file start-v4.pdb (PDB, C-alpha atoms, pLDDT in the B column)
ATOM      1  CA  MET I   1    -119.031 108.481 248.795  1.00 64.00           C
ATOM      2  CA  LYS I   2    -121.421 105.663 249.736  1.00 70.00           C
ATOM      3  CA  CYS I   3    -120.104 102.386 251.113  1.00 78.00           C
ATOM      4  CA  PRO I   4    -121.342  99.456 248.968  1.00 75.00           C
ATOM      5  CA  LYS I   5    -121.427  97.187 252.035  1.00 71.00           C
ATOM      6  CA  CYS I   6    -123.188  99.120 254.800  1.00 77.00           C
ATOM      7  CA  GLY I   7    -124.489 102.133 252.886  1.00 72.00           C
ATOM      8  CA  PHE I   8    -122.640 104.683 255.050  1.00 70.00           C
ATOM      9  CA  ILE I   9    -122.178 108.032 253.293  1.00 72.00           C
ATOM     10  CA  SER I  10    -118.981 109.991 253.965  1.00 67.00           C
ATOM     11  CA  PHE I  11    -116.350 112.129 252.190  1.00 63.00           C
ATOM     12  CA  ASP I  12    -115.184 111.214 248.693  1.00 63.00           C
ATOM     13  CA  ASP I  13    -111.475 111.240 249.535  1.00 65.00           C
ATOM     14  CA  LEU I  14    -111.622 108.252 251.891  1.00 67.00           C
ATOM     15  CA  THR I  15    -110.012 104.928 251.023  1.00 71.00           C
ATOM     16  CA  GLU I  16    -111.982 102.898 253.554  1.00 76.00           C
ATOM     17  CA  CYS I  17    -115.422 103.056 255.164  1.00 76.00           C
ATOM     18  CA  LYS I  18    -115.388 104.816 258.544  1.00 69.00           C
ATOM     19  CA  ARG I  19    -118.198 102.613 259.742  1.00 72.00           C
ATOM     20  CA  CYS I  20    -117.490  99.023 258.660  1.00 77.00           C
ATOM     21  CA  GLY I  21    -113.824  99.412 257.578  1.00 73.00           C
ATOM     22  CA  LEU I  22    -114.363  98.203 253.995  1.00 73.00           C
ATOM     23  CA  GLN I  23    -111.405  99.079 251.751  1.00 72.00           C
ATOM     24  CA  PHE I  24    -112.687 101.031 248.774  1.00 66.00           C
ATOM     25  CA  PHE I  25    -109.584 100.615 246.588  1.00 58.00           C
ATOM     26  CA  LYS I  26    -107.418  97.544 247.222  1.00 48.00           C
ATOM     27  CA  ASN I  27    -103.983  97.152 245.666  1.00 43.00           C
ATOM     28  CA  GLU I  28    -104.618 100.269 243.613  1.00 45.00           C
ATOM     29  CA  ARG I  29    -107.038  98.341 241.361  1.00 47.00           C
ATOM     30  CA  ARG I  30    -109.727 100.766 240.332  1.00 48.00           C
ATOM     31  CA  SER I  31    -112.436 100.657 237.768  1.00 54.00           C
ATOM     32  CA  ALA I  32    -112.402 102.975 234.804  1.00 58.00           C
ATOM     33  CA  LYS I  33    -115.148 105.068 236.357  1.00 56.00           C
ATOM     34  CA  ASP I  34    -113.215 105.368 239.636  1.00 58.00           C
ATOM     35  CA  LYS I  35    -110.055 106.420 237.751  1.00 58.00           C
ATOM     36  CA  GLN I  36    -112.028 109.014 235.844  1.00 63.00           C
ATOM     37  CA  MET I  37    -113.551 110.377 239.062  1.00 63.00           C
ATOM     38  CA  ALA I  38    -110.111 110.480 240.693  1.00 58.00           C
ATOM     39  CA  ALA I  39    -108.661 112.337 237.684  1.00 62.00           C
ATOM     40  CA  GLN I  40    -111.497 114.841 237.791  1.00 63.00           C
ATOM     41  CA  GLY I  41    -110.958 115.349 241.482  1.00 56.00           C
ATOM     42  CA  LYS I  42    -107.230 115.859 240.998  1.00 58.00           C
ATOM     43  CA  GLY I  43    -107.906 118.390 238.254  1.00 60.00           C
ATOM     44  CA  ALA I  44    -110.341 120.224 240.488  1.00 58.00           C
ATOM     45  CA  LEU I  45    -107.763 120.367 243.268  1.00 54.00           C
ATOM     46  CA  GLN I  46    -105.154 121.720 240.872  1.00 58.00           C
ATOM     47  CA  ALA I  47    -107.592 124.366 239.701  1.00 56.00           C
ATOM     48  CA  ALA I  48    -108.409 125.253 243.262  1.00 53.00           C
ATOM     49  CA  ASP I  49    -104.750 125.930 243.976  1.00 53.00           C
ATOM     50  CA  HIS I  50    -105.023 129.040 241.818  1.00 52.00           C
ATOM     51  CA  VAL I  51    -107.872 130.362 243.917  1.00 52.00           C
ATOM     52  CA  ASN I  52    -107.228 132.159 247.150  1.00 56.00           C
ATOM     53  CA  ARG I  53    -108.254 129.759 249.938  1.00 59.00           C
ATOM     54  CA  PRO I  54    -110.317 131.359 252.714  1.00 61.00           C
ATOM     55  CA  GLU I  55    -108.619 131.737 256.056  1.00 62.00           C
ATOM     56  CA  HIS I  56    -108.972 128.821 258.487  1.00 65.00           C
ATOM     57  CA  ILE I  57    -110.621 126.646 255.799  1.00 69.00           C
ATOM     58  CA  ASP I  58    -108.629 123.570 256.845  1.00 72.00           C
ATOM     59  CA  LYS I  59    -109.695 123.966 260.463  1.00 71.00           C
ATOM     60  CA  THR I  60    -113.322 124.310 259.377  1.00 72.00           C
ATOM     61  CA  ILE I  61    -113.111 121.119 257.315  1.00 74.00           C
ATOM     62  CA  GLN I  62    -111.682 119.204 260.248  1.00 75.00           C
ATOM     63  CA  THR I  63    -114.490 120.492 262.452  1.00 75.00           C
ATOM     64  CA  ILE I  64    -117.085 119.354 259.932  1.00 76.00           C
ATOM     65  CA  LYS I  65    -115.496 115.900 259.768  1.00 73.00           C
ATOM     66  CA  ARG I  66    -115.562 115.696 263.565  1.00 74.00           C
ATOM     67  CA  ASP I  67    -119.255 116.600 263.539  1.00 73.00           C
ATOM     68  CA  PHE I  68    -119.959 113.860 261.003  1.00 70.00           C
ATOM     69  CA  ASP I  69    -118.139 111.386 263.242  1.00 71.00           C
ATOM     70  CA  GLU I  70    -120.394 112.353 266.134  1.00 71.00           C
ATOM     71  CA  ILE I  71    -123.440 111.947 263.914  1.00 71.00           C
ATOM     72  CA  ASP I  72    -122.161 108.533 262.898  1.00 66.00           C
ATOM     73  CA  LYS I  73    -122.134 107.444 266.548  1.00 63.00           C
ATOM     74  CA  LEU I  74    -125.822 108.301 266.766  1.00 63.00           C
ATOM     75  CA  HIS I  75    -126.673 106.613 263.493  1.00 55.00           C
ATOM     76  CA  TYR I  76    -129.734 104.374 263.692  1.00 46.00           C
ATOM     77  CA  ASP I  77    -130.015 101.034 262.014  1.00 48.00           C
ATOM     78  CA  LYS I  78    -132.543 101.529 259.227  1.00 45.00           C
ATOM     79  CA  SER I  79    -133.541  97.878 259.268  1.00 43.00           C
ATOM     80  CA  ASP I  80    -134.748  98.171 262.883  1.00 47.00           C
ATOM     81  CA  ASP I  81    -138.269  99.621 262.959  1.00 47.00           C
ATOM     82  CA  SER I  82    -138.217  99.995 266.733  1.00 46.00           C
ATOM     83  CA  GLY I  83    -135.880 102.994 266.541  1.00 46.00           C
ATOM     84  CA  ILE I  84    -133.270 101.384 268.816  1.00 43.00           C
ATOM     85  CA  ARG I  85    -129.644 101.850 267.859  1.00 47.00           C
ATOM     86  CA  SER I  86    -128.052  98.656 266.613  1.00 41.00           C
ATOM     87  CA  GLU I  87    -125.082  98.976 268.961  1.00 45.00           C
ATOM     88  CA  ASP I  88    -127.379  99.446 271.978  1.00 46.00           C
ATOM     89  CA  ALA I  89    -130.038  96.885 271.081  1.00 42.00           C
ATOM     90  CA  GLY I  90    -128.382  94.082 273.038  1.00 47.00           C
ATOM     91  CA  ALA I  91    -128.092  96.169 276.179  1.00 44.00           C
ATOM     92  CA  ILE I  92    -131.747  97.217 276.349  1.00 44.00           C
ATOM     93  CA  THR I  93    -134.305  95.146 278.224  1.00 49.00           C
ATOM     94  CA  VAL I  94    -137.836  95.710 277.035  1.00 46.00           C
ATOM     95  CA  GLN I  95    -140.172  96.309 279.947  1.00 51.00           C
ATOM     96  CA  PRO I  96    -143.849  95.419 279.692  1.00 50.00           C
ATOM     97  CA  SER I  97    -146.138  98.392 279.492  1.00 49.00           C
ATOM     98  CA  GLU I  98    -148.723  99.157 282.152  1.00 44.00           C
ATOM     99  CA  THR I  99    -151.513  98.203 279.755  1.00 47.00           C
ATOM    100  CA  ASP I 100    -150.024  94.698 279.420  1.00 52.00           C
ATOM    101  CA  CYS I 101    -150.280  94.271 283.218  1.00 63.00           C
ATOM    102  CA  CYS I 102    -153.920  95.338 283.274  1.00 79.00           C
ATOM    103  CA  PRO I 103    -156.210  92.303 283.844  1.00 80.00           C
ATOM    104  CA  GLU I 104    -158.676  93.665 281.306  1.00 74.00           C
ATOM    105  CA  ASN I 105    -156.015  93.190 278.597  1.00 77.00           C
ATOM    106  CA  MET I 106    -154.893  89.732 279.731  1.00 82.00           C
ATOM    107  CA  SER I 107    -155.783  86.493 278.009  1.00 82.00           C
ATOM    108  CA  LYS I 108    -158.202  84.028 279.556  1.00 81.00           C
ATOM    109  CA  ASN I 109    -155.379  81.663 280.545  1.00 86.00           C
ATOM    110  CA  ALA I 110    -153.764  84.343 282.742  1.00 91.00           C
ATOM    111  CA  PHE I 111    -156.578  84.164 285.312  1.00 93.00           C
ATOM    112  CA  GLY I 112    -156.826  81.675 288.152  1.00 93.00           C
ATOM    113  CA  GLY I 113    -159.414  79.046 287.227  1.00 93.00           C
ATOM    114  CA  PHE I 114    -162.173  77.543 289.339  1.00 95.00           C
ATOM    115  CA  TYR I 115    -160.312  74.400 290.431  1.00 95.00           C
ATOM    116  CA  LEU I 116    -157.119  76.270 291.274  1.00 95.00           C
ATOM    117  CA  ARG I 117    -159.020  78.799 293.350  1.00 96.00           C
ATOM    118  CA  PHE I 118    -161.060  76.033 294.997  1.00 96.00           C
ATOM    119  CA  LEU I 119    -157.825  74.341 296.082  1.00 97.00           C
ATOM    120  CA  ALA I 120    -156.507  77.628 297.487  1.00 96.00           C
ATOM    121  CA  TYR I 121    -159.751  78.216 299.389  1.00 95.00           C
ATOM    122  CA  ALA I 122    -159.648  74.651 300.763  1.00 96.00           C
ATOM    123  CA  ILE I 123    -156.129  75.234 302.097  1.00 97.00           C
ATOM    124  CA  ASP I 124    -157.216  78.497 303.712  1.00 97.00           C
ATOM    125  CA  SER I 125    -160.232  76.721 305.241  1.00 95.00           C
ATOM    126  CA  VAL I 126    -157.957  74.084 306.817  1.00 96.00           C
ATOM    127  CA  VAL I 127    -155.713  76.805 308.264  1.00 96.00           C
ATOM    128  CA  LEU I 128    -158.706  78.697 309.647  1.00 96.00           C
ATOM    129  CA  GLY I 129    -160.244  75.458 310.940  1.00 94.00           C
ATOM    130  CA  ILE I 130    -157.158  74.737 313.020  1.00 95.00           C
ATOM    131  CA  ILE I 131    -157.248  78.266 314.429  1.00 94.00           C
ATOM    132  CA  PHE I 132    -160.969  77.939 315.217  1.00 92.00           C
ATOM    133  CA  MET I 133    -160.443  74.652 317.088  1.00 91.00           C
ATOM    134  CA  ILE I 134    -157.703  76.219 319.180  1.00 92.00           C
ATOM    135  CA  VAL I 135    -159.959  79.158 320.009  1.00 88.00           C
ATOM    136  CA  LEU I 136    -162.882  76.861 320.877  1.00 83.00           C
ATOM    137  CA  CYS I 137    -160.813  74.677 323.198  1.00 83.00           C
ATOM    138  CA  ALA I 138    -159.431  77.771 324.877  1.00 83.00           C
ATOM    139  CA  MET I 139    -162.928  79.188 325.434  1.00 79.00           C
ATOM    140  CA  VAL I 140    -164.226  75.903 326.922  1.00 75.00           C
ATOM    141  CA  LEU I 141    -161.252  75.535 329.238  1.00 77.00           C
ATOM    142  CA  ILE I 142    -161.559  79.128 330.371  1.00 77.00           C
ATOM    143  CA  LYS I 143    -165.282  78.662 331.050  1.00 70.00           C
ATOM    144  CA  ASN I 144    -164.935  75.517 333.162  1.00 67.00           C
ATOM    145  CA  PRO I 145    -161.486  73.921 333.105  1.00 61.00           C
ATOM    146  CA  LEU I 146    -162.183  71.218 335.755  1.00 59.00           C
ATOM    147  CA  SER I 147    -165.378  69.680 334.418  1.00 59.00           C
ATOM    148  CA  LEU I 148    -165.032  66.501 332.350  1.00 59.00           C
ATOM    149  CA  ASN I 149    -168.743  65.574 332.379  1.00 68.00           C
ATOM    150  CA  PRO I 150    -170.039  65.278 328.784  1.00 67.00           C
ATOM    151  CA  GLU I 151    -173.263  67.062 329.702  1.00 68.00           C
ATOM    152  CA  ASP I 152    -171.280  69.953 331.130  1.00 66.00           C
ATOM    153  CA  ILE I 153    -169.122  70.095 327.990  1.00 66.00           C
ATOM    154  CA  ILE I 154    -172.222  70.237 325.766  1.00 72.00           C
ATOM    155  CA  TYR I 155    -173.665  72.965 327.955  1.00 73.00           C
ATOM    156  CA  MET I 156    -170.377  74.881 327.704  1.00 71.00           C
ATOM    157  CA  LEU I 157    -170.384  74.566 323.913  1.00 70.00           C
ATOM    158  CA  ASN I 158    -173.917  75.912 323.723  1.00 75.00           C
ATOM    159  CA  SER I 159    -173.022  78.791 326.024  1.00 75.00           C
ATOM    160  CA  VAL I 160    -170.019  79.808 323.922  1.00 76.00           C
ATOM    161  CA  ALA I 161    -171.680  79.255 320.507  1.00 80.00           C
ATOM    162  CA  VAL I 162    -172.515  82.902 319.877  1.00 84.00           C
ATOM    163  CA  PRO I 163    -169.157  84.298 321.073  1.00 84.00           C
ATOM    164  CA  PHE I 164    -167.412  81.557 319.086  1.00 85.00           C
ATOM    165  CA  PHE I 165    -169.303  82.463 315.889  1.00 89.00           C
ATOM    166  CA  ILE I 166    -168.512  86.145 316.324  1.00 91.00           C
ATOM    167  CA  GLY I 167    -164.868  85.404 317.103  1.00 88.00           C
ATOM    168  CA  ASN I 168    -164.553  83.131 314.074  1.00 91.00           C
ATOM    169  CA  THR I 169    -166.028  85.807 311.805  1.00 93.00           C
ATOM    170  CA  VAL I 170    -163.556  88.361 313.131  1.00 94.00           C
ATOM    171  CA  ILE I 171    -160.609  85.988 312.659  1.00 95.00           C
ATOM    172  CA  GLU I 172    -161.716  85.038 309.150  1.00 95.00           C
ATOM    173  CA  ALA I 173    -162.232  88.687 308.196  1.00 96.00           C
ATOM    174  CA  PHE I 174    -158.789  89.628 309.517  1.00 97.00           C
ATOM    175  CA  TYR I 175    -157.169  86.704 307.685  1.00 97.00           C
ATOM    176  CA  PHE I 176    -158.611  87.455 304.245  1.00 97.00           C
ATOM    177  CA  VAL I 177    -158.668  91.252 304.468  1.00 96.00           C
ATOM    178  CA  TYR I 178    -155.128  91.622 305.805  1.00 97.00           C
ATOM    179  CA  PHE I 179    -153.390  89.191 303.446  1.00 97.00           C
ATOM    180  CA  HIS I 180    -155.309  90.285 300.340  1.00 96.00           C
ATOM    181  CA  ALA I 181    -154.547  93.946 301.069  1.00 96.00           C
ATOM    182  CA  ALA I 182    -150.914  93.423 302.127  1.00 95.00           C
ATOM    183  CA  SER I 183    -149.681  91.030 299.446  1.00 94.00           C
ATOM    184  CA  GLY I 184    -152.697  89.842 297.454  1.00 95.00           C
ATOM    185  CA  GLN I 185    -152.039  86.276 298.628  1.00 96.00           C
ATOM    186  CA  THR I 186    -153.291  84.152 301.487  1.00 96.00           C
ATOM    187  CA  LEU I 187    -151.405  80.969 302.349  1.00 96.00           C
ATOM    188  CA  GLY I 188    -153.599  78.974 299.974  1.00 96.00           C
ATOM    189  CA  LYS I 189    -153.101  81.400 297.085  1.00 96.00           C
ATOM    190  CA  LEU I 190    -149.359  81.493 297.751  1.00 96.00           C
ATOM    191  CA  ILE I 191    -149.129  77.705 297.484  1.00 96.00           C
ATOM    192  CA  CYS I 192    -151.286  77.649 294.326  1.00 96.00           C
ATOM    193  CA  GLY I 193    -149.372  80.506 292.654  1.00 95.00           C
ATOM    194  CA  ILE I 194    -152.236  82.983 292.293  1.00 96.00           C
ATOM    195  CA  LYS I 195    -152.932  86.429 293.711  1.00 95.00           C
ATOM    196  CA  VAL I 196    -155.649  89.062 293.959  1.00 96.00           C
ATOM    197  CA  VAL I 197    -155.123  92.321 292.028  1.00 95.00           C
ATOM    198  CA  GLY I 198    -157.172  95.374 291.190  1.00 94.00           C
ATOM    199  CA  SER I 199    -158.457  96.414 287.790  1.00 90.00           C
ATOM    200  CA  ASP I 200    -155.137  98.177 287.100  1.00 89.00           C
ATOM    201  CA  GLY I 201    -153.053  95.098 287.962  1.00 89.00           C
ATOM    202  CA  THR I 202    -151.778  96.456 291.296  1.00 92.00           C
ATOM    203  CA  ARG I 203    -152.402  95.317 294.867  1.00 92.00           C
ATOM    204  CA  ILE I 204    -155.761  96.145 296.365  1.00 95.00           C
ATOM    205  CA  GLY I 205    -156.086  98.249 299.505  1.00 93.00           C
ATOM    206  CA  TYR I 206    -157.914  97.470 302.723  1.00 96.00           C
ATOM    207  CA  LYS I 207    -161.118  99.075 301.451  1.00 95.00           C
ATOM    208  CA  LYS I 208    -161.404  96.751 298.452  1.00 95.00           C
ATOM    209  CA  ALA I 209    -160.235  93.806 300.544  1.00 96.00           C
ATOM    210  CA  GLY I 210    -163.037  94.542 303.022  1.00 96.00           C
ATOM    211  CA  MET I 211    -165.602  94.791 300.224  1.00 96.00           C
ATOM    212  CA  ARG I 212    -164.302  91.515 298.846  1.00 96.00           C
ATOM    213  CA  PHE I 213    -164.835  89.777 302.193  1.00 96.00           C
ATOM    214  CA  VAL I 214    -168.404  91.077 302.301  1.00 95.00           C
ATOM    215  CA  GLY I 215    -168.750  89.544 298.853  1.00 94.00           C
ATOM    216  CA  TYR I 216    -167.445  86.272 300.323  1.00 93.00           C
ATOM    217  CA  ILE I 217    -170.377  86.202 302.710  1.00 93.00           C
ATOM    218  CA  LEU I 218    -172.851  86.984 299.917  1.00 93.00           C
ATOM    219  CA  SER I 219    -171.293  84.392 297.606  1.00 92.00           C
ATOM    220  CA  ARG I 220    -171.761  81.533 300.068  1.00 90.00           C
ATOM    221  CA  THR I 221    -175.127  82.696 301.401  1.00 90.00           C
ATOM    222  CA  PHE I 222    -176.953  81.522 298.280  1.00 87.00           C
ATOM    223  CA  PHE I 223    -175.653  77.931 298.322  1.00 90.00           C
ATOM    224  CA  TYR I 224    -172.130  79.090 297.318  1.00 92.00           C
ATOM    225  CA  LEU I 225    -173.481  80.184 293.946  1.00 94.00           C
ATOM    226  CA  GLY I 226    -171.165  83.210 293.982  1.00 94.00           C
ATOM    227  CA  PHE I 227    -168.139  80.886 294.031  1.00 95.00           C
ATOM    228  CA  PHE I 228    -169.473  78.558 291.324  1.00 95.00           C
ATOM    229  CA  TRP I 229    -169.894  81.646 289.146  1.00 95.00           C
ATOM    230  CA  ILE I 230    -166.109  81.596 288.674  1.00 95.00           C
ATOM    231  CA  ALA I 231    -166.353  78.478 286.498  1.00 94.00           C
ATOM    232  CA  PHE I 232    -168.588  80.221 283.946  1.00 94.00           C
ATOM    233  CA  ASP I 233    -167.265  83.782 283.963  1.00 94.00           C
ATOM    234  CA  THR I 234    -164.953  84.776 281.086  1.00 91.00           C
ATOM    235  CA  ARG I 235    -162.485  86.472 283.458  1.00 92.00           C
ATOM    236  CA  LYS I 236    -162.982  83.945 286.283  1.00 93.00           C
ATOM    237  CA  GLN I 237    -164.631  86.449 288.612  1.00 95.00           C
ATOM    238  CA  GLY I 238    -166.910  85.418 291.457  1.00 95.00           C
ATOM    239  CA  TRP I 239    -169.558  87.647 292.947  1.00 95.00           C
ATOM    240  CA  HIS I 240    -167.060  88.921 295.506  1.00 95.00           C
ATOM    241  CA  ASP I 241    -164.629  89.841 292.690  1.00 95.00           C
ATOM    242  CA  LYS I 242    -167.283  91.735 290.783  1.00 95.00           C
ATOM    243  CA  LEU I 243    -168.373  93.572 293.924  1.00 95.00           C
ATOM    244  CA  ALA I 244    -164.836  94.738 294.728  1.00 95.00           C
ATOM    245  CA  LYS I 245    -163.703  94.984 291.070  1.00 93.00           C
ATOM    246  CA  THR I 246    -160.824  92.570 291.643  1.00 95.00           C
ATOM    247  CA  TYR I 247    -159.277  89.740 289.654  1.00 95.00           C
ATOM    248  CA  VAL I 248    -157.355  86.602 290.585  1.00 96.00           C
ATOM    249  CA  VAL I 249    -154.378  86.095 288.263  1.00 95.00           C
ATOM    250  CA  LYS I 250    -151.558  83.618 288.018  1.00 93.00           C
ATOM    251  CA  CYS I 251    -148.164  84.805 289.224  1.00 87.00           C
TER     252      CYS I 251
END

call {"tool": "encode", "arguments": {"input": "start-v4.pdb", "output": "structure tokens"}}
result
Amino acid sequence: MKCPKCGFISFDDLTECKRCGLQFFKNERRSAKDKQMAAQGKGALQAADHVNRPEHIDKTIQTIKRDFDEIDKLHYDKSDDSGIRSEDAGAITVQPSETDCCPENMSKNAFGGFYLRFLAYAIDSVVLGIIFMIVLCAMVLIKNPLSLNPEDIIYMLNSVAVPFFIGNTVIEAFYFVYFHAASGQTLGKLICGIKVVGSDGTRIGYKKAGMRFVGYILSRTFFYLGFFWIAFDTRKQGWHDKLAKTYVVKC
């Protein structure tokens, strides 16, 4: 018997659908075809009474019905092409696939643009500038803390220029390499809501972060052309990104 409402197929002797509960025959009002089928079924049962019933046939029928009930619990909604059971569809959260998180499959709007990255770099430059000034003042005071003569101060600055440049490079390298490798975000990128990821969408390691910093130096050596390249690249990659195979995406 097939339910006219939900299409569930079950035994012919049922009076209601085991799935949706639809009453097949209400108030004993049946169509002529239903009455004929019922009469034929009754006649078949009467004829079967004259036949020796196999042993344990009733128990076997009950077992079969139980099996059909179990199958009914696993019944899939035919209207759902995703193959998810209708009763479980509301409890399932669809997770994005790994290919969706890959920058190569992302749309152009998912990448951090030139102006957003410029703002993040400006914030990082201010932070590093404050650190550099603190280091410079400390080096001058350590060199000659009692001299207030302007000529002596200029001489001190000239004498610490090379160590200061080397120290600044080390600090800048540590700042960008550590934060890009650890979390993909410096303070500027954190404020602007962007981060550095690898070609597979995951965080980059220290090796790629180091290569990216080398790319920083190359990008600003030629009049910062490597940074301006971001504005024209389809995936918003600068020279340093292309060297390290990294992307800057919105988060």

call {"tool": "atom_distance", "arguments": {"input": "start-v4.pdb", "atom1": "atom CA of I:Val140", "atom2": "atom CA of I:Ile217"}}
result
27.0 Å

call {"tool": "residues_around", "arguments": {"input": "start-v4.pdb", "residues": "stretch 106-123 of chain I", "least_positions_apart": "6", "cutoff": "12 Å", "atoms": "all atoms listed in the file", "output": "PyMOL selection string"}}
result
chain I and resi 98-100+129-130+176+185-197+199-201+216+224+226-238+246-251

call {"tool": "write_last_selection", "arguments": {"input": "start-v4.pdb", "atoms": "C-alpha atoms", "output": "mmCIF file, in the coordinates of the input"}}
result
data_model
loop_
_atom_site.group_PDB
_atom_site.id
_atom_site.type_symbol
_atom_site.label_atom_id
_atom_site.label_comp_id
_atom_site.auth_asym_id
_atom_site.auth_seq_id
_atom_site.Cartn_x
_atom_site.Cartn_y
_atom_site.Cartn_z
ATOM 1 C CA GLU I 98 -148.723 99.157 282.152
ATOM 2 C CA THR I 99 -151.513 98.203 279.755
ATOM 3 C CA ASP I 100 -150.024 94.698 279.420
ATOM 4 C CA GLY I 129 -160.244 75.458 310.940
ATOM 5 C CA ILE I 130 -157.158 74.737 313.020
ATOM 6 C CA PHE I 176 -158.611 87.455 304.245
ATOM 7 C CA GLN I 185 -152.039 86.276 298.628
ATOM 8 C CA THR I 186 -153.291 84.152 301.487
ATOM 9 C CA LEU I 187 -151.405 80.969 302.349
ATOM 10 C CA GLY I 188 -153.599 78.974 299.974
ATOM 11 C CA LYS I 189 -153.101 81.400 297.085
ATOM 12 C CA LEU I 190 -149.359 81.493 297.751
ATOM 13 C CA ILE I 191 -149.129 77.705 297.484
ATOM 14 C CA CYS I 192 -151.286 77.649 294.326
ATOM 15 C CA GLY I 193 -149.372 80.506 292.654
ATOM 16 C CA ILE I 194 -152.236 82.983 292.293
ATOM 17 C CA LYS I 195 -152.932 86.429 293.711
ATOM 18 C CA VAL I 196 -155.649 89.062 293.959
ATOM 19 C CA VAL I 197 -155.123 92.321 292.028
ATOM 20 C CA SER I 199 -158.457 96.414 287.790
ATOM 21 C CA ASP I 200 -155.137 98.177 287.100
ATOM 22 C CA GLY I 201 -153.053 95.098 287.962
ATOM 23 C CA TYR I 216 -167.445 86.272 300.323
ATOM 24 C CA TYR I 224 -172.130 79.090 297.318
ATOM 25 C CA GLY I 226 -171.165 83.210 293.982
ATOM 26 C CA PHE I 227 -168.139 80.886 294.031
ATOM 27 C CA PHE I 228 -169.473 78.558 291.324
ATOM 28 C CA TRP I 229 -169.894 81.646 289.146
ATOM 29 C CA ILE I 230 -166.109 81.596 288.674
ATOM 30 C CA ALA I 231 -166.353 78.478 286.498
ATOM 31 C CA PHE I 232 -168.588 80.221 283.946
ATOM 32 C CA ASP I 233 -167.265 83.782 283.963
ATOM 33 C CA THR I 234 -164.953 84.776 281.086
ATOM 34 C CA ARG I 235 -162.485 86.472 283.458
ATOM 35 C CA LYS I 236 -162.982 83.945 286.283
ATOM 36 C CA GLN I 237 -164.631 86.449 288.612
ATOM 37 C CA GLY I 238 -166.910 85.418 291.457
ATOM 38 C CA THR I 246 -160.824 92.570 291.643
ATOM 39 C CA TYR I 247 -159.277 89.740 289.654
ATOM 40 C CA VAL I 248 -157.355 86.602 290.585
ATOM 41 C CA VAL I 249 -154.378 86.095 288.263
ATOM 42 C CA LYS I 250 -151.558 83.618 288.018
ATOM 43 C CA CYS I 251 -148.164 84.805 289.224
#

call {"tool": "atom_distance", "arguments": {"input": "start-v4.pdb", "atom1": "atom CA of I:Leu141", "atom2": "atom CA of I:Phe165"}}
result
17.1 Å

call {"tool": "atom_distance", "arguments": {"input": "start-v4.pdb", "atom1": "atom CA of I:Gly7", "atom2": "atom CA of I:Asp69"}}
result
15.3 Å

call {"tool": "closest_residue", "arguments": {"input": "start-v4.pdb", "among": "I:Phe164, I:Phe68, I:Phe222, I:Phe179", "to": "I:Gly210", "atoms": "all atoms listed in the file"}}
result
I:Phe179

call {"tool": "closest_residue", "arguments": {"input": "start-v4.pdb", "among": "I:Ile171, I:Met211, I:Ile154, I:Leu218", "to": "I:Ala244", "atoms": "only C-alpha atoms"}}
result
I:Met211

call {"tool": "axis_aligned_box", "arguments": {"input": "start-v4.pdb", "around": "stretch 187-203 of chain I", "padding_each_side": "5 Å", "output": "AutoDock Vina command-line options"}}
result
--center_x -153.8 --center_y 87.9 --center_z 294.7 --size_x 19.3 --size_y 30.5 --size_z 25.2

call {"tool": "decode", "arguments": {"input": "start-v4.pdb", "residues": "stretch 197-207 of chain I", "atoms": "N, CA and C atoms", "output": "mmCIF file, in the first residue's frame"}}
result
data_model
loop_
_atom_site.group_PDB
_atom_site.id
_atom_site.type_symbol
_atom_site.label_atom_id
_atom_site.label_comp_id
_atom_site.auth_asym_id
_atom_site.auth_seq_id
_atom_site.Cartn_x
_atom_site.Cartn_y
_atom_site.Cartn_z
ATOM 1 N N VAL I 197 48.402 34.412 4.678
ATOM 2 C CA VAL I 197 48.219 32.961 4.632
ATOM 3 C C VAL I 197 49.039 32.396 3.489
ATOM 4 N N GLY I 198 49.233 31.082 3.530
ATOM 5 C CA GLY I 198 49.934 30.407 2.449
ATOM 6 C C GLY I 198 49.014 30.085 1.295
ATOM 7 N N SER I 199 49.532 29.388 0.313
ATOM 8 C CA SER I 199 48.742 29.055 -0.874
ATOM 9 C C SER I 199 47.614 28.077 -0.575
ATOM 10 N N ASP I 200 47.721 27.353 0.570
ATOM 11 C CA ASP I 200 46.670 26.423 0.966
ATOM 12 C C ASP I 200 45.705 27.029 1.976
ATOM 13 N N GLY I 201 45.850 28.308 2.274
ATOM 14 C CA GLY I 201 44.941 28.998 3.190
ATOM 15 C C GLY I 201 45.315 28.876 4.653
ATOM 16 N N THR I 202 46.430 28.232 4.977
ATOM 17 C CA THR I 202 46.854 28.066 6.362
ATOM 18 C C THR I 202 47.950 29.071 6.708
ATOM 19 N N ARG I 203 48.317 29.107 8.000
ATOM 20 C CA ARG I 203 49.370 30.018 8.433
ATOM 21 C C ARG I 203 50.717 29.630 7.828
ATOM 22 N N ILE I 204 51.528 30.624 7.585
ATOM 23 C CA ILE I 204 52.847 30.368 7.019
ATOM 24 C C ILE I 204 53.824 30.103 8.158
ATOM 25 N N GLY I 205 54.882 29.358 7.869
ATOM 26 C CA GLY I 205 55.899 29.087 8.874
ATOM 27 C C GLY I 205 56.977 30.164 8.878
ATOM 28 N N TYR I 206 57.992 29.940 9.691
ATOM 29 C CA TYR I 206 59.065 30.925 9.819
ATOM 30 C C TYR I 206 59.895 31.016 8.539
ATOM 31 N N LYS I 207 59.998 29.916 7.799
ATOM 32 C CA LYS I 207 60.769 29.942 6.565
ATOM 33 C C LYS I 207 60.130 30.882 5.543
#
